[in-house]
Structures are given as C-alpha cells and as structure tokens.
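Listing of run-v8.txt, compact mmCIF, C-alpha atoms
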```
# COMPACT_ATOMS: atom_id res chain seq x y z
CA PRO A 1 14.54 32.53 -5.24
CA GLY A 2 15.13 35.99 -3.74
CA SER A 3 16.47 36.59 -0.26
CA SER A 4 12.95 36.52 1.21
CA GLY A 5 12.35 33.21 -0.53
CA CYS A 6 15.57 31.75 0.87
CA VAL A 7 14.58 32.81 4.39
CA PHE A 8 11.13 31.27 3.93
CA PHE A 9 12.42 27.91 2.73
CA GLN A 10 15.08 27.80 5.44
CA ALA A 11 12.39 28.46 8.03
CA MET A 12 10.36 25.57 6.59
CA GLU A 13 13.37 23.26 6.85
CA ASP A 14 13.94 24.35 10.45
CA LEU A 15 10.28 23.74 11.29
CA GLN A 16 10.42 20.27 9.69
CA ARG A 17 13.54 19.42 11.70
CA ASP A 18 11.97 20.56 14.97
CA PHE A 19 8.77 18.64 14.18
CA ASP A 20 10.79 15.48 13.56
CA SER A 21 12.52 15.96 16.93
CA LEU A 22 9.23 16.50 18.77
CA LYS A 23 7.67 13.48 17.08
CA ALA A 24 10.63 11.28 18.03
CA TRP A 25 10.40 12.54 21.63
CA SER A 26 6.63 11.88 21.78
CA LEU A 27 7.14 8.30 20.62
CA GLU A 28 9.57 7.70 23.48
CA HIS A 29 7.25 9.07 26.17
CA SER A 30 3.73 8.50 27.39
CA CYS A 31 2.18 11.76 26.26
CA SER A 32 -1.52 11.17 26.87
CA TYR A 33 -1.45 12.68 30.36
CA GLY A 34 0.74 14.12 33.08
CA ALA A 35 3.92 16.17 32.69
CA ASP A 36 4.82 14.56 29.36
CA GLY A 37 1.40 15.40 27.97
CA GLU A 38 1.81 19.04 29.03
CA GLU A 39 5.28 19.15 27.48
CA LEU A 40 3.94 17.78 24.22
CA ALA A 41 1.08 20.29 24.19
CA ARG A 42 3.54 23.16 24.68
CA GLY A 43 5.73 21.87 21.87
CA VAL A 44 2.77 21.48 19.52
CA LYS A 45 1.54 24.98 20.34
CA GLU A 46 4.94 26.54 19.68
CA LEU A 47 5.45 24.73 16.35
CA THR A 48 1.88 25.47 15.24
CA GLU A 49 2.41 29.18 15.87
CA ARG A 50 5.57 29.07 13.75
CA ALA A 51 3.67 27.32 10.96
CA ASP A 52 0.92 29.95 11.14
CA ALA A 53 3.50 32.72 10.86
CA LEU A 54 5.04 31.06 7.81
CA LEU A 55 1.63 30.71 6.16
CA GLU A 56 1.04 34.43 6.66
CA GLU A 57 4.47 35.29 5.27
CA ALA A 58 4.40 32.85 2.34
CA VAL A 59 6.27 34.56 -0.48
CA ALA A 60 5.52 34.62 -4.18
CA ASP A 61 8.26 32.02 -4.73
CA ALA A 62 6.18 29.45 -2.85
CA THR A 63 4.36 27.17 -5.29
CA SER A 64 1.11 25.36 -4.54
CA GLN A 65 3.22 22.32 -3.64
CA HIS A 66 5.25 24.37 -1.17
CA ARG A 67 2.05 25.74 0.39
CA ALA A 68 0.63 22.22 0.49
CA ALA A 69 3.78 21.00 2.25
CA LEU A 70 3.43 23.74 4.85
CA HIS A 71 -0.27 22.99 5.46
CA CYS A 72 0.64 19.31 5.68
CA LEU A 73 3.41 19.98 8.20
CA ARG A 74 1.02 22.09 10.29
CA GLY A 75 -1.48 19.22 10.26
CA GLN A 76 1.21 16.71 11.19
CA ILE A 77 2.23 18.87 14.14
CA LEU A 78 -1.35 19.03 15.45
CA ASP A 79 -1.82 15.30 14.86
CA LEU A 80 0.89 14.60 17.45
CA LEU A 81 -1.74 15.33 20.11
CA PRO A 82 -3.48 12.15 21.31
CA MET A 83 -6.99 13.50 20.70
CA TYR A 84 -8.68 14.32 17.40
CA SER A 85 -8.05 17.86 16.14
CA ALA A 86 -10.48 19.56 13.74
CA ASP A 87 -7.71 22.08 13.07
CA ALA A 88 -5.42 19.26 11.94
CA GLU A 89 -8.14 17.88 9.67
CA GLN A 90 -8.62 21.30 8.06
CA SER A 91 -4.89 21.79 7.43
CA LEU A 92 -4.38 18.30 6.03
CA SER A 93 -7.47 18.55 3.82
CA GLN A 94 -6.13 21.83 2.45
CA ALA A 95 -2.76 20.21 1.78
CA ALA A 96 -4.38 17.32 -0.11
CA LYS A 97 -6.46 19.79 -2.12
CA LEU A 98 -3.43 21.90 -3.09
CA ASP A 99 -1.30 18.86 -3.90
CA PRO A 100 -3.32 15.65 -4.44
CA GLU A 101 -0.06 13.70 -4.85
CA ASN A 102 1.15 14.56 -1.34
CA PHE A 103 1.60 11.19 0.35
CA TRP A 104 2.09 12.61 3.85
CA ALA A 105 -1.07 14.69 3.66
CA TRP A 106 -3.23 11.65 2.86
CA LEU A 107 -1.44 9.43 5.39
CA THR A 108 -1.77 11.87 8.27
CA LEU A 109 -5.33 12.80 7.32
CA GLY A 110 -6.18 9.09 7.47
CA HIS A 111 -4.77 8.92 11.00
CA THR A 112 -6.67 12.06 12.01
CA MET A 113 -9.95 10.66 10.68
CA TRP A 114 -9.29 7.43 12.58
CA LYS A 115 -9.00 9.44 15.80
CA LYS A 116 -12.27 11.16 14.83
CA ASP A 117 -13.78 7.67 14.61
CA ASP A 118 -14.72 8.28 10.97
CA LEU A 119 -13.35 4.93 9.86
CA ALA A 120 -14.82 5.03 6.34
CA SER A 121 -13.04 8.32 5.61
CA ALA A 122 -9.86 7.03 7.26
CA GLN A 123 -9.86 4.04 4.92
CA LYS A 124 -10.33 6.26 1.86
CA CYS A 125 -7.48 8.57 2.87
CA LEU A 126 -5.08 5.71 3.60
CA ARG A 127 -5.89 4.02 0.30
CA GLN A 128 -5.14 7.33 -1.40
CA ALA A 129 -1.79 7.40 0.41
CA MET A 130 -1.03 3.86 -0.77
CA ASP A 131 -1.84 4.90 -4.34
CA LYS A 132 0.75 7.69 -4.09
CA GLN A 133 3.49 5.62 -2.49
CA GLU A 134 3.96 1.97 -1.57
CA SER A 135 4.79 2.47 2.07
CA HIS A 136 4.72 0.30 5.16
CA LEU A 137 3.42 3.31 7.09
CA ALA A 138 0.18 3.45 5.06
CA MET A 139 -0.17 -0.34 5.07
CA ARG A 140 0.27 -0.46 8.83
CA GLU A 141 -2.26 2.31 9.46
CA LEU A 142 -4.83 0.80 7.10
CA SER A 143 -4.39 -2.58 8.78
CA ARG A 144 -5.26 -0.99 12.13
CA VAL A 145 -8.24 0.91 10.71
CA LEU A 146 -9.65 -2.21 9.07
CA ARG A 147 -9.50 -4.06 12.39
CA SER A 148 -11.38 -1.22 14.04
CA SER A 149 -13.94 -1.21 11.22
CA THR A 150 -15.12 -4.76 11.83
CA ALA A 151 -17.42 -3.55 14.61
CA SER A 152 -19.56 -1.76 12.01
CA ALA A 153 -19.56 -4.62 9.49
CA LYS A 154 -23.06 -5.64 8.43
CA THR A 155 -22.27 -9.32 7.94
CA TRP A 156 -19.82 -11.90 9.23
CA ASP A 157 -18.38 -12.24 5.70
CA GLU A 158 -17.73 -8.50 5.51
CA ALA A 159 -15.96 -8.53 8.86
CA HIS A 160 -13.95 -11.58 7.83
CA GLN A 161 -12.83 -9.89 4.59
CA MET A 162 -11.73 -6.81 6.53
CA LEU A 163 -9.66 -8.92 8.90
CA GLN A 164 -8.11 -10.88 6.06
CA GLU A 165 -7.06 -7.66 4.32
CA SER A 166 -5.83 -6.29 7.65
CA LEU A 167 -3.63 -9.36 8.12
CA SER A 168 -2.34 -9.21 4.54
CA LEU A 169 -1.38 -5.54 4.91
CA ALA A 170 0.33 -6.16 8.24
CA LYS A 171 2.43 -8.92 6.67
CA LYS A 172 3.42 -6.68 3.74
CA ALA A 173 4.29 -3.80 6.08
CA LEU A 174 6.66 -6.00 8.07
CA LEU A 175 8.56 -6.97 4.91
CA PHE A 176 9.72 -3.35 4.54
CA ASP A 177 11.59 -3.49 7.84
CA ILE A 178 11.79 -6.80 9.69
CA GLU A 179 13.26 -4.99 12.74
CA ASP A 180 10.32 -2.57 13.13
CA GLY A 181 8.73 -3.30 16.50
CA LEU A 182 5.51 -1.44 15.72
CA SER A 183 4.97 -3.48 12.55
CA TRP A 184 5.39 -6.66 14.59
CA SER A 185 2.79 -5.37 17.07
CA VAL A 186 0.31 -4.58 14.28
CA LEU A 187 0.84 -8.03 12.78
CA ALA A 188 0.32 -9.73 16.15
CA ASN A 189 -2.94 -7.85 16.67
CA ALA A 190 -4.09 -8.75 13.17
CA TYR A 191 -3.52 -12.45 13.91
CA LEU A 192 -5.36 -12.11 17.24
CA SER A 193 -8.34 -10.45 15.58
CA ASN A 194 -8.51 -13.20 12.96
CA PHE A 195 -8.45 -15.76 15.76
CA TRP A 196 -11.12 -14.11 17.92
CA LEU A 197 -13.73 -13.34 15.24
CA PRO A 198 -14.72 -16.99 14.52
CA LEU A 199 -14.64 -17.76 18.25
CA THR A 200 -16.86 -14.76 18.99
CA MET A 201 -19.34 -15.83 16.32
CA LEU A 202 -19.37 -19.35 17.74
CA LEU A 203 -20.14 -18.04 21.23
CA ILE A 204 -22.94 -15.84 19.88
CA LEU A 205 -24.47 -18.72 17.94
CA THR A 206 -24.19 -21.00 20.97
CA ALA A 207 -25.95 -18.42 23.15
CA LEU A 208 -28.70 -17.97 20.56
CA PHE A 209 -29.15 -21.73 20.30
CA LYS A 210 -29.49 -22.08 24.07
CA ARG A 211 -32.13 -19.32 24.19
CA SER A 212 -34.09 -20.64 21.23
CA THR A 213 -37.30 -22.67 21.58
CA PRO A 214 -36.90 -26.30 20.50
CA LEU A 215 -38.90 -27.07 17.37
CA TRP A 216 -40.72 -29.95 19.05
CA SER A 217 -42.13 -27.62 21.72
CA VAL A 218 -43.71 -25.25 19.18
```
Could I get this file's structure written as structure tokens?
Amino acid sequence: PGSSGCVFFQAMEDLQRDFDSLKAWSLEHSCSYGADGEELARGVKELTERADALLEEAVADATSQHRAALHCLRGQILDLLPMYSADAEQSLSQAAKLDPENFWAWLTLGHTMWKKDDLASAQKCLRQAMDKQESHLAMRELSRVLRSSTASAKTWDEAHQMLQESLSLAKKALLFDIEDGLSWSVLANAYLSNFWLPLTMLLILTALFKRSTPLWSV
C-alpha cells in the first residue's frame, strides 16, 4: 500500500484499539444513566465521528473486506449505547452485505436487532454468526434471544423447544471458558426459565380449571 494507505490502515487499528478500551470501560460501569452514561455517549460520539471520517477518506487500497470491517466497527461503536440505534443497524447491515463472512457484523447486528425487539431477525443474524465461527459469544447471545422469544411462541411445545435450545447453547458457551462469569449467568437464567415454564403452565391450567363450569352443571 502507498503512504495514504498506510495512514488509513493505521488509523483503523487506532480506532479499533480505542473502541476496545471504551467497550471494556463500559462493561465495568453502569452506563445506562447518570455520569457514566454521559461519558459513554461522549466516547461513542467521538469514535463514531472518527469512523465517519475514515469512511470518507477510504483509499483505493481498501478492499470490500476492509470497508466492511470499518462499517462493522462503526456499528459496534454505536451498539455500545444501551438503546437500539437505527444507525448501528444500517452500518452493520452494510458490513454484512460487503462481507457476508464477517462474524462480528452478524454477531453485533443480532444484538442490535434484539435491542430493537425484532427477535426473529436477531435469531437469524446470530445463527449466521454461528455458521461463520463457532463462538461462545454467538451461542451466549442466541441463548438469551431464545429465552426472550418464548413470549411470542404460539404453543407450549414451541416455547419448550426454544428453552431447551437456549439451555443447550448456554452449556456449550460455558465450555469455551469455564471462568467466564457472564456465561455462568446466562446458563443460570436458562435453567431458571426451563424451571418456570412448566410451573407457569400449571398455574394457568389450574386457574382455567377453577373458572370452568363443571360438566354436571351444564
């Protein structure tokens, strides 16, 4: 690559490093509100502006994969915010279009769609991510999405199958890193959901039975 290309790729590396630092900081703090939330918003704004500048200055040496990586990084930056971002969805969708094999684009897009409450799309994206790379990150996210999806299940069997897959994925995710606290939390919630579903159905059936008219009174 020429000198302009070297500068471009170095700027991408610097942006990736600063994103990783901001992400690590956000995981250590409660960033949904208050001073930490404002600090996170400022950090996201600054990194997003740098990503936008790089997209405008993208040199001829940048391949479609490089452009996809930059769109993906921009989407990842915006996805650090606690609320759904249409801008993040657009960047991540563009990244997946430019490079369909980009694991991080599919993974982060799945998380973004989950925040949008589009659980069907979130599932599709996370399954795409799992097809690209066997990763505990995708398994963990899909486990969480499947648990959330049970509310829209049309039958008890469908909900039960979702929870069984959620539990299976949570177990597999933990095997990648037995010391990962978040994976333990996802597994615990998967077990709790599998416990509560039958109990919930029993309570519903009991309530329906109590409100029903006895056959001998009809």
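Here CA of Val186 (chain A) stands at a distance of 9.0 Å from CA of Leu174 (chain A).
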Could you list, with a cut-off of 9 Å and counting only C-alpha atoms, the residues of region 9-70 of chain A near region 78-82 of chain A, each shown with its nearest atom pair and the distance in Å rounded to one decimal, rows sorted by chain and ascending number, as CSV?
```
residue,atom,partner,partner_atom,distance
A:Leu22,CA,A:Leu80,CA,8.7
A:Lys23,CA,A:Leu80,CA,6.9
A:Ser26,CA,A:Leu80,CA,7.7
A:Cys31,CA,A:Pro82,CA,7.5
A:Ser32,CA,A:Pro82,CA,6.0
A:Gly37,CA,A:Leu81,CA,8.5
A:Leu40,CA,A:Leu81,CA,7.4
A:Ala41,CA,A:Leu81,CA,7.0
A:Val44,CA,A:Leu78,CA,6.3
A:Lys45,CA,A:Leu78,CA,8.2
A:Leu47,CA,A:Leu78,CA,8.9
A:Thr48,CA,A:Leu78,CA,7.2
```
Please dump the current selection as a tab-separated table (two decimals), in the frame of the given file; keep C-alpha atoms.
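out_33.tsv was written with the following content:
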```tsv
chain	number	residue	atom	x	y	z
A	22	LEU	CA	9.23	16.50	18.77
A	23	LYS	CA	7.67	13.48	17.08
A	26	SER	CA	6.63	11.88	21.78
A	31	CYS	CA	2.18	11.76	26.26
A	32	SER	CA	-1.52	11.17	26.87
A	37	GLY	CA	1.40	15.40	27.97
A	40	LEU	CA	3.94	17.78	24.22
A	41	ALA	CA	1.08	20.29	24.19
A	44	VAL	CA	2.77	21.48	19.52
A	45	LYS	CA	1.54	24.98	20.34
A	47	LEU	CA	5.45	24.73	16.35
A	48	THR	CA	1.88	25.47	15.24
```
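The coordinates place CA of Thr112 (chain A) at 24.2 Å from CA of Glu158 (chain A).
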Quick one: residues within 12 Å of Glu13 (chain A), only C-alpha atoms, excluding same-chain residues fewer than 2 positions away - as a PDB file with C-alpha atoms, in the coordinates of the input?
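Contents of part17.pdb, as written:
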```pdb
ATOM      1  CA  CYS A   6      15.570  31.750   0.870  1.00  0.00           C
ATOM      2  CA  VAL A   7      14.580  32.810   4.390  1.00  0.00           C
ATOM      3  CA  PHE A   8      11.130  31.270   3.930  1.00  0.00           C
ATOM      4  CA  PHE A   9      12.420  27.910   2.730  1.00  0.00           C
ATOM      5  CA  GLN A  10      15.080  27.800   5.440  1.00  0.00           C
ATOM      6  CA  ALA A  11      12.390  28.460   8.030  1.00  0.00           C
ATOM      7  CA  LEU A  15      10.280  23.740  11.290  1.00  0.00           C
ATOM      8  CA  GLN A  16      10.420  20.270   9.690  1.00  0.00           C
ATOM      9  CA  ARG A  17      13.540  19.420  11.700  1.00  0.00           C
ATOM     10  CA  ASP A  18      11.970  20.560  14.970  1.00  0.00           C
ATOM     11  CA  PHE A  19       8.770  18.640  14.180  1.00  0.00           C
ATOM     12  CA  ASP A  20      10.790  15.480  13.560  1.00  0.00           C
ATOM     13  CA  ARG A  50       5.570  29.070  13.750  1.00  0.00           C
ATOM     14  CA  ALA A  51       3.670  27.320  10.960  1.00  0.00           C
ATOM     15  CA  LEU A  54       5.040  31.060   7.810  1.00  0.00           C
ATOM     16  CA  HIS A  66       5.250  24.370  -1.170  1.00  0.00           C
ATOM     17  CA  ALA A  69       3.780  21.000   2.250  1.00  0.00           C
ATOM     18  CA  LEU A  70       3.430  23.740   4.850  1.00  0.00           C
ATOM     19  CA  LEU A  73       3.410  19.980   8.200  1.00  0.00           C
TER      20      LEU A  73
END
```
- CA of Ile178 (chain A) and CA of Arg147 (chain A), how far apart in Å? 21.6 Å
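Proximity of A:Gln76, A:His136, A:Ser85, A:Gln123 to Thr108 (chain A), computed with only C-alpha atoms, is greatest for A:Gln76.
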Could you work out an axis-aligned box for region 141-146 of chain A, taking every atom the file lists and adding 5 Å on each side, and report centre and edge lengths in Å to one decimal, as JSON?
```
{"center_x": -6.0, "center_y": -0.1, "center_z": 9.6, "size_x": 17.4, "size_y": 14.9, "size_z": 15.0}
```
- Message: Please list as a PyMOL selection string every residue within 12 Å of Leu167 (chain A), counting all atoms listed in the file and excluding residues in the same chain fewer than 4 positions away.
- Response: chain A and resi 139-147+160-163+171-174+183-195
Write the residues of the preceding selection, restricted to C-alpha atoms, as a short mmCIF file (atom, residue, chain, number, x, y, z; two decimals), in the coordinates of the input.
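Just written: result-v1.cif:
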```cif
data_model
loop_
_atom_site.label_atom_id
_atom_site.label_comp_id
_atom_site.auth_asym_id
_atom_site.auth_seq_id
_atom_site.Cartn_x
_atom_site.Cartn_y
_atom_site.Cartn_z
CA MET A 139 -0.17 -0.34 5.07
CA ARG A 140 0.27 -0.46 8.83
CA GLU A 141 -2.26 2.31 9.46
CA LEU A 142 -4.83 0.80 7.10
CA SER A 143 -4.39 -2.58 8.78
CA ARG A 144 -5.26 -0.99 12.13
CA VAL A 145 -8.24 0.91 10.71
CA LEU A 146 -9.65 -2.21 9.07
CA ARG A 147 -9.50 -4.06 12.39
CA HIS A 160 -13.95 -11.58 7.83
CA GLN A 161 -12.83 -9.89 4.59
CA MET A 162 -11.73 -6.81 6.53
CA LEU A 163 -9.66 -8.92 8.90
CA LYS A 171 2.43 -8.92 6.67
CA LYS A 172 3.42 -6.68 3.74
CA ALA A 173 4.29 -3.80 6.08
CA LEU A 174 6.66 -6.00 8.07
CA SER A 183 4.97 -3.48 12.55
CA TRP A 184 5.39 -6.66 14.59
CA SER A 185 2.79 -5.37 17.07
CA VAL A 186 0.31 -4.58 14.28
CA LEU A 187 0.84 -8.03 12.78
CA ALA A 188 0.32 -9.73 16.15
CA ASN A 189 -2.94 -7.85 16.67
CA ALA A 190 -4.09 -8.75 13.17
CA TYR A 191 -3.52 -12.45 13.91
CA LEU A 192 -5.36 -12.11 17.24
CA SER A 193 -8.34 -10.45 15.58
CA ASN A 194 -8.51 -13.20 12.96
CA PHE A 195 -8.45 -15.76 15.76
#
```
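Each of A:Asp99, A:Glu39, A:Asp131, A:Glu179 was checked against Ser64 (chain A) using only C-alpha atoms; the smallest atom-to-atom distance is that of A:Asp99.
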